[in-house]
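Written out below as structure tokens is the structure these notes cover.
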Amino acid sequence: MDRREFVKGTAWMGAAAFAVGCTTERGLGLSRVGKMSTFAVKPFEKLRIGVVGLGRGYAGVCGFDMIPGCEVTAICDLNAARIKKSLDHIEKSNRPKPAVYTGGPEEWKRLCDDPNVDLVYNATPWQLHAPVALYAMQHAGKHVVTEVPSALTVDHCWELVETAEKYGLHCMQLENCCYGENEMLILNLCRKGMLGELVHAEGAYIHDLRTYNWGKWNDKGSNPSVDPETGYPAYWNYWRLRHNAVHKGNQYPTHGLGPICWYMDINRGDRFDYLVSLESNQLNFEAFAKARFATDGWQANQKVQMGDMNTTLIKTKRGRSILIQHDVSSPRPYSRLNSITGTKGAVLDFPLRIVWEDKPGAGAHAFFDKDKLAEVCEKYKHPLWRQAGDIAKRTGGHGGMDFLMLLRLAYCLQNGLPLDQSVYDLASWCCLCELTEKSVRNRSCSVDIPDFTRGGWETAKPIDNITVDLEKMGGKA
Ligand SMILES: NC(=O)c1ccc[n+]([C@@H]2O[C@H](COP(=O)([O-])OP(=O)(O)OC[C@H]3O[C@@H](n4cnc5c(N)ncnc54)[C@H](O)[C@@H]3O)[C@@H](O)[C@H]2O)c1
């Protein structure tokens with residue numbers, strides 16, 4: 001790809017994706033308010049999954065492969081090597097061969113239409129998330145789960161909510177970080193009241209992704225070298241760089257935010273009210289390309305609009321504050337911050353530190369020491385981690401969280417239970433992509449955050465009992 005082709009792509013996306021004005025109110029109460037918070041469908045005896053996008057989606061293929069009662073019945077990707085890798089894995093596990101959809105950019109529609117697919121698992125690049133999910137529900141009548149962020153615009157968020165409500169279908173975002181060991185430990189501490197009334201939380205996605213954005217370089221520093229498996233120089237068609245090059249704001253907000261929303265019962269007793277967003281200048285994206293690639297190549301001359309560090313503050317209806325950061329271009333170690341403060345104590349993560357007062361007003365000036373921390377972690381380990389943490393860790397996938405998310409998803413669908421993340425969660429977490437950009441481009445003005453539950457948040461119950469019955473699951477075919 002040369003620079004002209006790249007720019008052509010970014011111009012198209014910029015025009016399509018960003019508008020200063022956006023819809024913040026929608027829906028005239030055509031359907032019962034907030035009904036998707038407790039939405040459940042008839043139990044699936046056997047759950048048949050179609051996976052689209054086999055980069056991240058390969059983890060889905062391997063994960064479902066291990067869960068009794070689940071079968072990957074269809075796969076779709078443009079890339080032959082990725083199709084082969086999934087087929088090889090399925091064959092090695094002695095599972096039935098899935099239908100294969102490949103060879104064209106709209107083959108995913110055929111996967112959605114496949115009568116042997118109950119659930120579409122969408123792990124495509126961001127730009128395809130909402131289109132695939134909407135088609136799966138509107139045209140194929142399928143439940144759909146989508147990688148993060150599941151939507152990039154407020155309009156798409158509303159459309160996903162209204163479609164799921166209208167057709168009575170699950171539309172869940174695959175926010176795996178909600179199932180992290182520390183995140184679920186903190187959730188348990190919050191539920192047990194160990195931190196008191198919650199006041200403030202901080203989350204982030206701080207991850208140096210410059211090689212993924214720009215591609216790897218070869219020894220001569222000229223054209224990027226390609227991935228030997230896929231033939232791609234970076235992500236497929238530079239989808240992440242294309243997006244970041246023409247956007248500001250937090251375009252990947254949910255890894256830090258999702259767990260906080262569980263701690264704070266967002267959409268289930270509280271909700272986002274408004275946000276302000278501010279961002280630093282951008283030096284690191286372009287400096288990296290200049291340092292790594294030939295001076296006359298398109299990379300060294302490509303402009304990127306996204307600031308290196310975006311900081312967003314959210315105020316909730318119950319008066320709490322949330323700080324969310326995004327930085328994928330600075331040379332610094334990974335962090336999701338994952339911190340929460342209440343009236344009795346606080347937890348800070350990366351690395352994990354916990355403290356609470358011995359008695360009210362005693363103060364908490366130093367975190368628990370190593371022994372006390374270990375004792376607290378063991379005592380308050382989340383029940384899901386107690387049940388399946390060992391298997392999850394052995395399976396891998398971001399320390400086990402990926403497997404626990406799939407396990408819990410399968411368990412809920414096999415038992416006719418509501419899913420842990422509703423379509424309202426998807427919409428209220430993802431609308432930040434557009435709304436933070438709107439704030440950043442307008443001198444950090446405050447922007448209202450829509451109530452996608454249309455009042456349902458006031459009566460919806462906090463999610464609880466996030467557990468599985470492994471014995472019952474083991475009995476499935
Ligand atoms: N939750 C997590 O921890 C996590 C981790 C990694 C990636 N992700 C998300 O997963 C998604 C995919 O990321 P990735 O790292 O796999 O990217 P990738 O570029 O490596 O893979 C995308 C795949 O989609 C395929 N594809 C593109 N257009 C297609 C089309 N029209 N039809 C069929 N296939 C198509 C490509 O061939 C490629 O194999 C992104 O949304 C990303 O944010 C999430």
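So you can find residues: chains in the structure tokens are A, B, ... in the order shown, residues in each start at 1, and ligands are numbered from 1 in order.
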Could the residues that lie within 7 Å of ligand 1, counting only C-alpha atoms and all ligand atoms, be listed as a compact mmCIF listing (two decimals) with C-alpha atoms, in the first residue's frame?
```
# COMPACT_ATOMS: atom_id res chain seq x y z
CA VAL A 52 -16.07 -13.88 12.00
CA GLY A 53 -12.51 -12.47 12.04
CA LEU A 54 -9.93 -15.08 13.00
CA GLY A 55 -7.17 -12.92 14.48
CA ARG A 56 -8.65 -12.33 17.91
CA GLY A 57 -11.46 -14.67 16.84
CA CYS A 76 -15.18 -16.56 8.23
CA ASP A 77 -12.10 -14.54 7.33
CA LEU A 78 -10.54 -13.03 4.23
CA ASN A 79 -7.20 -14.61 5.04
CA ARG A 82 -6.07 -17.77 9.36
CA THR A 102 -14.04 -16.72 2.72
CA GLY A 104 -15.02 -11.81 -0.28
CA PRO A 105 -15.58 -8.87 2.08
CA GLU A 106 -19.27 -9.69 2.60
CA GLU A 107 -18.99 -13.42 3.16
CA TRP A 108 -19.81 -12.75 6.82
CA ALA A 123 -14.05 -10.30 16.10
CA THR A 124 -13.56 -8.18 13.01
CA PRO A 125 -11.83 -4.77 12.86
CA TRP A 126 -13.74 -1.97 14.67
CA GLU A 147 -15.38 -7.49 20.36
CA VAL A 148 -14.56 -4.13 21.92
CA PRO A 149 -15.56 -1.45 21.13
CA LEU A 174 -17.13 -9.12 24.78
CA GLU A 175 -15.49 -7.05 27.52
CA ASN A 176 -13.11 -9.68 28.82
CA TYR A 235 -3.39 -5.22 11.75
CA TRP A 236 -5.40 -6.10 8.65
CA TRP A 239 -7.48 -0.65 10.45
```
Query raised in the report: Contacts of Leu323 of chain A at 9 Å or less, counting only C-alpha atoms, minus same-chain residues fewer than 2 places along, as a PyMOL selection string?
Result: chain A and resi 200-204+257+311-314+321+325
Serialized selection, N, CA and C atoms, as a PDB file, in the first residue's frame:
```
ATOM      1  N   HIS A 200     -15.105   7.180  43.839  1.00  0.00           N
ATOM      2  CA  HIS A 200     -14.307   7.545  42.659  1.00  0.00           C
ATOM      3  C   HIS A 200     -13.596   6.303  42.117  1.00  0.00           C
ATOM      4  N   ALA A 201     -13.474   6.242  40.765  1.00  0.00           N
ATOM      5  CA  ALA A 201     -12.749   5.109  40.164  1.00  0.00           C
ATOM      6  C   ALA A 201     -11.880   5.603  39.013  1.00  0.00           C
ATOM      7  N   GLU A 202     -10.823   4.848  38.727  1.00  0.00           N
ATOM      8  CA  GLU A 202      -9.939   5.195  37.612  1.00  0.00           C
ATOM      9  C   GLU A 202      -9.647   3.953  36.782  1.00  0.00           C
ATOM     10  N   GLY A 203      -9.782   4.093  35.473  1.00  0.00           N
ATOM     11  CA  GLY A 203      -9.502   2.973  34.577  1.00  0.00           C
ATOM     12  C   GLY A 203      -8.756   3.483  33.354  1.00  0.00           C
ATOM     13  N   ALA A 204      -8.169   2.563  32.594  1.00  0.00           N
ATOM     14  CA  ALA A 204      -7.372   3.020  31.455  1.00  0.00           C
ATOM     15  C   ALA A 204      -7.112   1.902  30.465  1.00  0.00           C
ATOM     16  N   LEU A 257     -13.077   0.782  31.660  1.00  0.00           N
ATOM     17  CA  LEU A 257     -14.396   1.254  32.099  1.00  0.00           C
ATOM     18  C   LEU A 257     -15.342   0.122  32.507  1.00  0.00           C
ATOM     19  N   THR A 311      -7.552  11.922  28.495  1.00  0.00           N
ATOM     20  CA  THR A 311      -8.085  11.776  29.846  1.00  0.00           C
ATOM     21  C   THR A 311      -9.531  12.249  29.855  1.00  0.00           C
ATOM     22  N   THR A 312     -10.402  11.381  30.306  1.00  0.00           N
ATOM     23  CA  THR A 312     -11.840  11.700  30.329  1.00  0.00           C
ATOM     24  C   THR A 312     -12.353  11.571  31.748  1.00  0.00           C
ATOM     25  N   LEU A 313     -13.200  12.504  32.144  1.00  0.00           N
ATOM     26  CA  LEU A 313     -13.842  12.435  33.461  1.00  0.00           C
ATOM     27  C   LEU A 313     -15.339  12.274  33.271  1.00  0.00           C
ATOM     28  N   ILE A 314     -15.922  11.333  33.978  1.00  0.00           N
ATOM     29  CA  ILE A 314     -17.368  11.089  33.890  1.00  0.00           C
ATOM     30  C   ILE A 314     -17.981  11.348  35.256  1.00  0.00           C
ATOM     31  N   SER A 321     -17.404  10.011  40.606  1.00  0.00           N
ATOM     32  CA  SER A 321     -16.565  10.429  39.472  1.00  0.00           C
ATOM     33  C   SER A 321     -15.743   9.236  38.978  1.00  0.00           C
ATOM     34  N   GLN A 325      -8.493   6.773  30.960  1.00  0.00           N
ATOM     35  CA  GLN A 325      -7.410   7.236  30.087  1.00  0.00           C
ATOM     36  C   GLN A 325      -7.186   6.284  28.908  1.00  0.00           C
TER      37      GLN A 325
END
```
**Report entry** Residue nearest Tyr232 of chain A - candidates A:Gly297, A:Gly215, A:Pro115, A:Gly416, atoms counted: only C-alpha atoms
**Finding:** A:Gly215
Query raised in the report: In segment 163-256 of chain A, what's strand (DSSP E or B) per DSSP? Answer as a PyMOL selection string?
Result: chain A and resi 171-173+198-206
Hey, can you spit out that residue selection with N, CA and C atoms as a PDB file, in the first residue's frame?
```pdb
ATOM      1  N   CYS A 171     -27.413  -8.982  22.336  1.00  0.00           N
ATOM      2  CA  CYS A 171     -26.361  -8.228  21.642  1.00  0.00           C
ATOM      3  C   CYS A 171     -25.386  -7.799  22.730  1.00  0.00           C
ATOM      4  N   MET A 172     -24.347  -8.589  22.902  1.00  0.00           N
ATOM      5  CA  MET A 172     -23.434  -8.375  24.034  1.00  0.00           C
ATOM      6  C   MET A 172     -22.054  -7.961  23.551  1.00  0.00           C
ATOM      7  N   GLN A 173     -21.427  -7.099  24.308  1.00  0.00           N
ATOM      8  CA  GLN A 173     -20.030  -6.755  24.041  1.00  0.00           C
ATOM      9  C   GLN A 173     -19.131  -7.721  24.814  1.00  0.00           C
ATOM     10  N   LEU A 198     -19.118   3.782  47.339  1.00  0.00           N
ATOM     11  CA  LEU A 198     -18.113   4.086  46.315  1.00  0.00           C
ATOM     12  C   LEU A 198     -18.169   5.562  45.917  1.00  0.00           C
ATOM     13  N   VAL A 199     -16.973   6.123  45.715  1.00  0.00           N
ATOM     14  CA  VAL A 199     -16.868   7.560  45.475  1.00  0.00           C
ATOM     15  C   VAL A 199     -16.224   7.864  44.117  1.00  0.00           C
ATOM     16  N   HIS A 200     -15.105   7.180  43.839  1.00  0.00           N
ATOM     17  CA  HIS A 200     -14.307   7.545  42.659  1.00  0.00           C
ATOM     18  C   HIS A 200     -13.596   6.303  42.117  1.00  0.00           C
ATOM     19  N   ALA A 201     -13.474   6.242  40.765  1.00  0.00           N
ATOM     20  CA  ALA A 201     -12.749   5.109  40.164  1.00  0.00           C
ATOM     21  C   ALA A 201     -11.880   5.603  39.013  1.00  0.00           C
ATOM     22  N   GLU A 202     -10.823   4.848  38.727  1.00  0.00           N
ATOM     23  CA  GLU A 202      -9.939   5.195  37.612  1.00  0.00           C
ATOM     24  C   GLU A 202      -9.647   3.953  36.782  1.00  0.00           C
ATOM     25  N   GLY A 203      -9.782   4.093  35.473  1.00  0.00           N
ATOM     26  CA  GLY A 203      -9.502   2.973  34.577  1.00  0.00           C
ATOM     27  C   GLY A 203      -8.756   3.483  33.354  1.00  0.00           C
ATOM     28  N   ALA A 204      -8.169   2.563  32.594  1.00  0.00           N
ATOM     29  CA  ALA A 204      -7.372   3.020  31.455  1.00  0.00           C
ATOM     30  C   ALA A 204      -7.112   1.902  30.465  1.00  0.00           C
ATOM     31  N   TYR A 205      -6.702   2.314  29.281  1.00  0.00           N
ATOM     32  CA  TYR A 205      -6.036   1.392  28.362  1.00  0.00           C
ATOM     33  C   TYR A 205      -4.742   2.088  27.960  1.00  0.00           C
ATOM     34  N   ILE A 206      -3.682   1.706  28.657  1.00  0.00           N
ATOM     35  CA  ILE A 206      -2.362   2.265  28.377  1.00  0.00           C
ATOM     36  C   ILE A 206      -1.510   1.102  27.888  1.00  0.00           C
TER      37      ILE A 206
END
```
Query - Close residues, Arg441 of chain A itself excluded, 10 Å, only C-alpha atoms, min 2 positions apart in chain, as JSON, numbers by chain - result: {"A": [20, 247, 248, 249, 277, 278, 279, 435, 436, 437, 438, 439, 443, 444, 445]}
Query raised in the report: Of the candidates A:Val276, A:His382, A:Asp227, A:Gly307, which one gets nearest to Ala81 of chain A if we count only C-alpha atoms?
Result: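 Closest to Ala81 of chain A of all the choices is A:Asp227.
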